[in-house]
Amino acid sequence: MVIRRLPETTANRIAAGEVVERPAAVVKELVENALDAGARQIRVALEQGGIGRVLVEDDGSGMGPEDLALSVERHATSKLPEEAMLFAIGTLGFRGEALPSIGAVARLSITSRPPGGEAHRITVEGGRVSAVQPASGAPGTRVEVNDLFFATPARRKFLRSPRGEGEAALDALRRLALAWPEVGFEAVMDGRMALTLAPATREARIRDLLGAEFAAAALPIAGGAPGVLELSGLAGGPAYTRATAMEQHLVVNRRPVRDPLLRAALRVAYREVMAPGRHPVAAIFLDLPPSEVDVNVHPMKTELRFRDAAGVRGAVISALRRALGHGVGQVAGPSGPSLGYAGPARLSFSAPPSRAPYNPGGFAEAPLPLAFPAPAPAPAPQAAPVPADHPLGRALAQVLETYILAEAPDGALILVDQHAAHERLTHERLAEEMHAGAVRAQPLLIPAVVELPGAAALAEAAPELAKLGLELEGFGPGAVIVRALPALLGAPDPAPLLRDLAEELAESGEGTALALRLDAAIARLACHGSIRAGRRLTAPEMDALLRAMERTPRAATCSHGRPTYLRLGASEFARLFGRS
C-alpha cells in the first residue's frame, strides 16, 4: 500500500463537505460572518434555492485588502486572538473554514470596504484564488456565491429541489434572526420578497417569526441565576403543538442550535401534559459564560457540550415545568413563575338526577369550601359581571351532559370537557398524596377476584402498585385478588382499571424507571376515578370544577395530553362566521 499526500485542492473539497452541505449552510455561515462583523442590516438573495446563486450583503465593519486576502485561506480567522480563547468562544464563527470551503466547491466573489477605506474584491473559483483588486462598493461586505458544487457535481445529486433548498435556507436565516432581534433582515427568493424583518425587541421578533397566535398564548419561562445560567423565552401551552419538532427554537449565547440535550429536556418537561407523537413550540434562550459551553464539537456548530450538562438540563426542565404548572389562566410574574397553588383540588359531586343513588365513596371525600346543595335545576345566568379573578368564568349550562359551557370575564365562551378536566384534578391529587409518602388506600369489604391476561405482570408489580393505594396479589393462574383501592377513587369496578394497568405495565417494560411507571399508573387511576361523560352536573358543581381547574397545576390538559377546555373569543367567532 502506497500512502501519498492529497493535492491541496482535493483536500479542501473533501473538508468543504463537512461545512458546506447545502445552500442553507452557505447562508448560515455567511450571515454569521456578517453578525460577527457588527452588521445591523443584512440582505440575502437566493436564486434556484441557493444552488444557482447566494448573495449576502451587510453593513458591518468590512475588510481591507490584506484581511480580504487572508479571509479565503483555510484556518485564517479574526475571531480567536489567542489560543486559550478556543475554550471561551464568544463569536458565532471561529474555525476559519467557511469562506475557503465555499470557494473550494463554488464560484465565490467577496467585495468589502471598511469604514473610511476603499473597496476591494477577491474571487475564488473551485479553489483557485485570484489577486485582490480595487473595486467599488458600499461600506460593509458583499459575498456572492454562484454555481454551488460545480466543482463537485456528485454533491449536487444529493440536494433537494430548488424550492426545498430555498425553504431550508430561509429557515436557517429565520433562526439567526430570532437570536439577533436588533438586526434587520431581508430575504429575496428568485426576485420575490420572502422575508422582511425590521430591528425589534425579542418579544416583537418572536411574534414576527412564530406568529401572533403563539406570542399571545405562549407561557413566559425564566430560570437560572445571573452570571451562571440565565434562561428566558416563551413556550407554547400543552394544547399548542406541532407534528414535528421544527418549531423548537433553541438559542445558546445567541447561537441557534439543535442540541440533543436541550431537545430531550423539552420532551421530559412536556411528557406528562402532551399527547404522544406531538411536539411543543418554544423559543428558549440560554445565556451562560462562554467557558461553560464548548461549541467546538461539530463543524456546523449546531451541537454543544456543556460543562455542567446535568445542571443545564435540570434548569430547562424546571423552568418549563414551573411555566406549565400553573392553574388555568394563571400567569408567571416578572421575577419568575409563581404557581399560586395551595394544594390539590378537592371536589365532591352530588348524586346525578334520575340516576342510581350516590355512592359517598365516589369521586372525592374532602369537599371544596363550596358546599353543594341537593340536585336542582341550574339557575338562569345572572346579569352580574364575571369576576376578573375567575379566568374560566361562570358556568352557563351543560352541553350533551359532557361539556360545561361558561362565560369568561371578557365575554369569551369557555367549553370544558368535564371528564378530561376532572381527570387532571384527580391525577394531581393522587400525585400529591404519592409525593407525601403514599396514596391512601380504602380496604374493600369483600376482596374482588379479577381474571385477566396480564395478571402475572400485575402480581409482580404489586409492591409498586401498593404505593398507589392499590393492594392486590396473585390468585392462581390468570387472576389477581384486589384487597384495597385508592380512597380517592371511591368504589369503581376494579376489572377495567386493572386491565388498563396491565396494558400500561406491558408497554412500559421492565427497563422503564420506577418513577415513570408510577406516573403512568397514576394517569390510569385518574382516568378511572373521574366523572364520566354523560354525568349530569348542577350549576354549583360546574362552577366548583372551574374554580378547581384555575388553581390546579397543568389543568389545561388531561393526563393523556388532550386539552381540557377550549376558548372562543371575538376573533374566533369572527373567523367561524366569515366576518372580516
# chains A, B, ... in the order shown; residues from 1 in each chain; ligands from 1
call {"tool": "select_by_dssp", "arguments": {"residues": "region 118-189 of chain A", "states": "strand (DSSP E)", "output": "ChimeraX atom specification"}}
result
/A:120-125,128-129,133-134,140-146,184-189
call {"tool": "residues_around", "arguments": {"residues": "region 129-139 of chain A", "least_positions_apart": "6", "cutoff": "12 Å", "atoms": "only C-alpha atoms", "output": "PyMOL selection string"}}
result
chain A and resi 9+37+39+41+57-74+99-100+102-104+106-123
call {"tool": "closest_residue", "arguments": {"among": "A:Ala239, A:Ala222, A:Ile51, A:Ala309", "to": "Pro260 (chain A)", "atoms": "only C-alpha atoms"}}
result
A:Ala309
call {"tool": "closest_residue", "arguments": {"among": "A:Arg562, A:Arg499, A:Arg532, A:Arg255", "to": "Glu303 (chain A)", "atoms": "only C-alpha atoms"}}
result
A:Arg255
call {"tool": "atom_distance", "arguments": {"atom1": "CA of Ala441 (chain A)", "atom2": "CA of Leu525 (chain A)"}}
result
12.7 Å
call {"tool": "residues_around", "arguments": {"residues": "region 148-153 of chain A", "least_positions_apart": "3", "cutoff": "7 Å", "atoms": "only C-alpha atoms", "output": "NGL selection string"}}
result
:A and (51-52 or 105-106 or 126 or 145 or 156)
call {"tool": "write_last_selection", "arguments": {"atoms": "N, CA and C atoms", "output": "PDB file, in the first residue's frame"}}
result
ATOM      1  N   ILE A  51     -28.878  27.209  -5.022  1.00  0.00           N
ATOM      2  CA  ILE A  51     -27.983  26.364  -5.825  1.00  0.00           C
ATOM      3  C   ILE A  51     -27.351  27.190  -6.932  1.00  0.00           C
ATOM      4  N   GLY A  52     -28.152  28.066  -7.554  1.00  0.00           N
ATOM      5  CA  GLY A  52     -27.643  28.904  -8.636  1.00  0.00           C
ATOM      6  C   GLY A  52     -26.863  30.099  -8.118  1.00  0.00           C
ATOM      7  N   VAL A 105     -15.791  24.732  -3.642  1.00  0.00           N
ATOM      8  CA  VAL A 105     -16.820  23.976  -4.366  1.00  0.00           C
ATOM      9  C   VAL A 105     -17.723  24.867  -5.208  1.00  0.00           C
ATOM     10  N   ALA A 106     -17.468  26.181  -5.223  1.00  0.00           N
ATOM     11  CA  ALA A 106     -18.344  27.105  -5.946  1.00  0.00           C
ATOM     12  C   ALA A 106     -17.507  28.251  -6.500  1.00  0.00           C
ATOM     13  N   GLY A 126     -13.522  27.248  -7.556  1.00  0.00           N
ATOM     14  CA  GLY A 126     -13.090  25.858  -7.452  1.00  0.00           C
ATOM     15  C   GLY A 126     -11.771  25.710  -6.737  1.00  0.00           C
ATOM     16  N   VAL A 145     -22.069  33.918  -4.124  1.00  0.00           N
ATOM     17  CA  VAL A 145     -21.707  32.523  -4.381  1.00  0.00           C
ATOM     18  C   VAL A 145     -22.539  32.037  -5.565  1.00  0.00           C
ATOM     19  N   ARG A 156     -24.209  17.656  -5.978  1.00  0.00           N
ATOM     20  CA  ARG A 156     -25.467  18.283  -6.389  1.00  0.00           C
ATOM     21  C   ARG A 156     -26.587  17.271  -6.505  1.00  0.00           C
TER      22      ARG A 156
END
call {"tool": "closest_residue", "arguments": {"among": "A:Phe573, A:Phe214, A:Phe285, A:Phe475", "to": "Val252 (chain A)", "atoms": "only C-alpha atoms"}}
result
A:Phe285
call {"tool": "residues_around", "arguments": {"residues": "Leu159 (chain A)", "least_positions_apart": "4", "cutoff": "12 Å", "atoms": "only C-alpha atoms", "output": "VMD selection string"}}
result
chain A and resid 20 to 24 48 to 51 148 to 149 153 to 155 163 to 166 168
call {"tool": "select_by_dssp", "arguments": {"residues": "region 197-313 of chain A", "states": "helix (DSSP H, G or I)", "output": "VMD selection string"}}
result
chain A and resid 202 to 210 212 to 217 260 to 270 290 to 292 309 to 313
call {"tool": "write_last_selection", "arguments": {"atoms": "C-alpha atoms", "output": "PDB file, in the first residue's frame"}}
result
ATOM      1  CA  ARG A 202     -37.030  39.987  21.302  1.00  0.00           C
ATOM      2  CA  GLU A 203     -40.760  39.768  22.022  1.00  0.00           C
ATOM      3  CA  ALA A 204     -41.633  41.502  18.755  1.00  0.00           C
ATOM      4  CA  ARG A 205     -39.229  39.289  16.794  1.00  0.00           C
ATOM      5  CA  ILE A 206     -40.794  36.148  18.313  1.00  0.00           C
ATOM      6  CA  ARG A 207     -44.214  37.429  17.269  1.00  0.00           C
ATOM      7  CA  ASP A 208     -42.977  38.196  13.755  1.00  0.00           C
ATOM      8  CA  LEU A 209     -41.409  34.766  13.247  1.00  0.00           C
ATOM      9  CA  LEU A 210     -43.594  32.399  15.274  1.00  0.00           C
ATOM     10  CA  ALA A 212     -49.103  36.491  16.883  1.00  0.00           C
ATOM     11  CA  GLU A 213     -51.226  33.497  17.934  1.00  0.00           C
ATOM     12  CA  PHE A 214     -48.216  31.809  19.531  1.00  0.00           C
ATOM     13  CA  ALA A 215     -46.978  35.006  21.178  1.00  0.00           C
ATOM     14  CA  ALA A 216     -50.408  35.654  22.702  1.00  0.00           C
ATOM     15  CA  ALA A 217     -50.926  32.131  24.004  1.00  0.00           C
ATOM     16  CA  PRO A 260     -29.937  16.819  21.625  1.00  0.00           C
ATOM     17  CA  LEU A 261     -29.630  17.564  25.342  1.00  0.00           C
ATOM     18  CA  LEU A 262     -31.885  20.618  25.155  1.00  0.00           C
ATOM     19  CA  ARG A 263     -34.418  18.847  22.949  1.00  0.00           C
ATOM     20  CA  ALA A 264     -34.527  15.957  25.403  1.00  0.00           C
ATOM     21  CA  ALA A 265     -35.175  18.439  28.209  1.00  0.00           C
ATOM     22  CA  LEU A 266     -38.166  19.769  26.263  1.00  0.00           C
ATOM     23  CA  ARG A 267     -39.557  16.260  25.809  1.00  0.00           C
ATOM     24  CA  VAL A 268     -39.207  15.464  29.515  1.00  0.00           C
ATOM     25  CA  ALA A 269     -40.819  18.730  30.621  1.00  0.00           C
ATOM     26  CA  TYR A 270     -43.873  18.202  28.385  1.00  0.00           C
ATOM     27  CA  PRO A 290     -18.515  31.081  27.195  1.00  0.00           C
ATOM     28  CA  SER A 291     -16.141  28.977  29.272  1.00  0.00           C
ATOM     29  CA  GLU A 292     -19.101  26.832  30.387  1.00  0.00           C
ATOM     30  CA  ALA A 309     -24.787  19.190  31.309  1.00  0.00           C
ATOM     31  CA  ALA A 310     -26.972  17.885  34.142  1.00  0.00           C
ATOM     32  CA  GLY A 311     -27.349  21.384  35.591  1.00  0.00           C
ATOM     33  CA  VAL A 312     -28.376  22.884  32.252  1.00  0.00           C
ATOM     34  CA  ARG A 313     -30.827  20.071  31.565  1.00  0.00           C
TER      35      ARG A 313
END
call {"tool": "closest_residue", "arguments": {"among": "A:Val251, A:Leu231, A:Val293, A:Ala218", "to": "Trp180 (chain A)", "atoms": "only C-alpha atoms"}}
result
A:Val251
call {"tool": "closest_residue", "arguments": {"among": "A:Arg424, A:Leu452, A:Glu432, A:Ile446", "to": "Ala555 (chain A)", "atoms": "only C-alpha atoms"}}
result
A:Arg424
call {"tool": "residues_around", "arguments": {"residues": "Pro181 (chain A)", "least_positions_apart": "3", "cutoff": "8 Å", "atoms": "only C-alpha atoms", "output": "compact mmCIF listing (two decimals) with C-alpha atoms, in the first residue's frame"}}
result
# COMPACT_ATOMS: atom_id res chain seq x y z
CA ALA A 177 -32.95 36.45 13.05
CA LEU A 178 -34.67 35.13 16.19
CA GLY A 184 -32.76 43.92 10.41
CA PRO A 199 -34.87 45.71 14.04
CA ALA A 200 -37.08 44.93 17.03
CA THR A 201 -37.27 43.69 20.60
CA ARG A 202 -37.03 39.99 21.30
CA ARG A 205 -39.23 39.29 16.79
call {"tool": "decode", "arguments": {"residues": "region 414-534 of chain A", "atoms": "C-alpha atoms", "output": "compact mmCIF listing (two decimals), in the first residue's frame"}}
result
# COMPACT_ATOMS: atom_id res chain seq x y z
CA ILE A 414 -65.29 28.56 27.50
CA LEU A 415 -66.10 24.92 26.69
CA VAL A 416 -64.77 22.41 29.25
CA ASP A 417 -64.60 18.65 28.87
CA GLN A 418 -65.76 17.61 32.33
CA HIS A 419 -64.13 14.17 32.26
CA ALA A 420 -60.78 15.40 30.95
CA ALA A 421 -60.74 18.28 33.45
CA HIS A 422 -61.60 16.15 36.47
CA GLU A 423 -59.09 13.54 35.32
CA ARG A 424 -56.32 16.13 35.65
CA LEU A 425 -57.58 17.20 39.06
CA THR A 426 -57.64 13.60 40.25
CA HIS A 427 -54.19 13.00 38.77
CA GLU A 428 -52.71 15.95 40.65
CA ARG A 429 -54.27 14.90 43.94
CA LEU A 430 -53.03 11.33 43.55
CA ALA A 431 -49.57 12.66 42.71
CA GLU A 432 -49.69 14.95 45.76
CA GLU A 433 -50.51 12.01 48.02
CA MET A 434 -47.80 9.96 46.33
CA HIS A 435 -45.15 12.63 46.91
CA ALA A 436 -46.28 12.93 50.53
CA GLY A 437 -45.48 9.27 51.11
CA ALA A 438 -48.13 7.03 49.64
CA VAL A 439 -51.65 7.17 48.28
CA ARG A 440 -54.21 6.43 50.97
CA ALA A 441 -55.89 3.06 50.43
CA GLN A 442 -59.51 2.09 51.13
CA PRO A 443 -59.88 -1.63 52.00
CA LEU A 444 -62.70 -3.46 50.24
CA LEU A 445 -65.30 -5.09 52.43
CA ILE A 446 -65.22 -8.08 50.11
CA PRO A 447 -61.96 -8.60 48.17
CA ALA A 448 -62.58 -8.78 44.43
CA VAL A 449 -61.15 -11.51 42.20
CA VAL A 450 -60.34 -10.31 38.69
CA GLU A 451 -59.34 -12.63 35.86
CA LEU A 452 -57.26 -11.07 33.06
CA PRO A 453 -54.35 -11.99 30.74
CA GLY A 454 -51.86 -9.64 32.44
CA ALA A 455 -52.45 -10.97 35.94
CA ALA A 456 -48.87 -12.20 36.34
CA ALA A 457 -47.41 -8.78 35.50
CA LEU A 458 -49.77 -7.09 37.95
CA ALA A 459 -48.81 -9.53 40.70
CA GLU A 460 -45.10 -8.83 40.08
CA ALA A 461 -45.75 -5.09 40.24
CA ALA A 462 -47.76 -5.37 43.47
CA PRO A 463 -45.13 -3.57 45.62
CA GLU A 464 -45.15 -0.62 43.21
CA LEU A 465 -48.94 -0.53 43.00
CA ALA A 466 -49.25 -0.63 46.78
CA LYS A 467 -47.63 2.81 46.87
CA LEU A 468 -50.60 3.99 44.81
CA GLY A 469 -53.15 2.61 47.25
CA LEU A 470 -53.88 -0.44 45.10
CA GLU A 471 -53.36 -3.61 47.11
CA LEU A 472 -53.52 -6.89 45.21
CA GLU A 473 -51.82 -10.27 44.94
CA GLY A 474 -51.77 -13.23 42.61
CA PHE A 475 -54.73 -15.57 42.86
CA GLY A 476 -53.96 -18.65 40.86
CA PRO A 477 -53.10 -18.67 37.16
CA GLY A 478 -54.51 -15.67 35.26
CA ALA A 479 -56.17 -13.89 38.17
CA VAL A 480 -55.48 -11.42 40.99
CA ILE A 481 -57.34 -10.65 44.16
CA VAL A 482 -57.86 -6.96 44.95
CA ARG A 483 -57.95 -6.08 48.65
CA ALA A 484 -57.87 -2.26 48.53
CA LEU A 485 -58.27 0.61 46.07
CA PRO A 486 -57.09 4.22 46.30
CA ALA A 487 -59.53 6.01 48.61
CA LEU A 488 -59.75 8.94 46.20
CA LEU A 489 -61.34 6.72 43.54
CA GLY A 490 -64.26 5.59 45.66
CA ALA A 491 -65.50 2.15 44.67
CA PRO A 492 -65.20 1.69 40.91
CA ASP A 493 -65.31 -1.70 39.24
CA PRO A 494 -61.67 -2.86 39.58
CA ALA A 495 -61.69 -5.03 36.43
CA PRO A 496 -61.44 -2.22 33.78
CA LEU A 497 -58.88 -0.41 35.91
CA LEU A 498 -56.68 -3.49 36.24
CA ARG A 499 -56.90 -4.26 32.54
CA ASP A 500 -55.65 -0.78 31.72
CA LEU A 501 -52.87 -1.01 34.31
CA ALA A 502 -51.75 -4.36 32.91
CA GLU A 503 -51.55 -2.83 29.42
CA GLU A 504 -49.60 0.14 30.79
CA LEU A 505 -47.08 -2.10 32.54
CA ALA A 506 -46.66 -4.21 29.40
CA GLU A 507 -45.99 -1.10 27.28
CA SER A 508 -43.54 0.46 29.72
CA GLY A 509 -41.42 -2.69 30.04
CA GLU A 510 -39.21 -3.82 32.86
CA GLY A 511 -36.39 -1.42 31.98
CA THR A 512 -38.53 1.69 32.49
CA ALA A 513 -37.65 3.76 35.54
CA LEU A 514 -39.91 3.27 38.54
CA ALA A 515 -40.92 6.93 38.59
CA LEU A 516 -42.18 6.73 35.02
CA ARG A 517 -44.06 3.50 35.68
CA LEU A 518 -45.75 5.01 38.73
CA ASP A 519 -46.66 8.22 36.91
CA ALA A 520 -48.19 6.23 34.05
CA ALA A 521 -50.14 4.20 36.59
CA ILE A 522 -51.36 7.38 38.29
CA ALA A 523 -52.65 8.60 34.93
CA ARG A 524 -54.62 5.36 34.52
CA LEU A 525 -56.02 5.61 38.04
CA ALA A 526 -57.03 9.22 37.46
CA CYS A 527 -58.91 8.28 34.32
CA HIS A 528 -60.93 5.64 36.13
CA GLY A 529 -61.56 7.86 39.15
CA SER A 530 -63.01 10.84 37.32
CA ILE A 531 -66.52 11.89 36.46
CA ARG A 532 -67.60 10.49 33.12
CA ALA A 533 -69.11 11.97 30.04
CA GLY A 534 -72.88 11.70 30.39
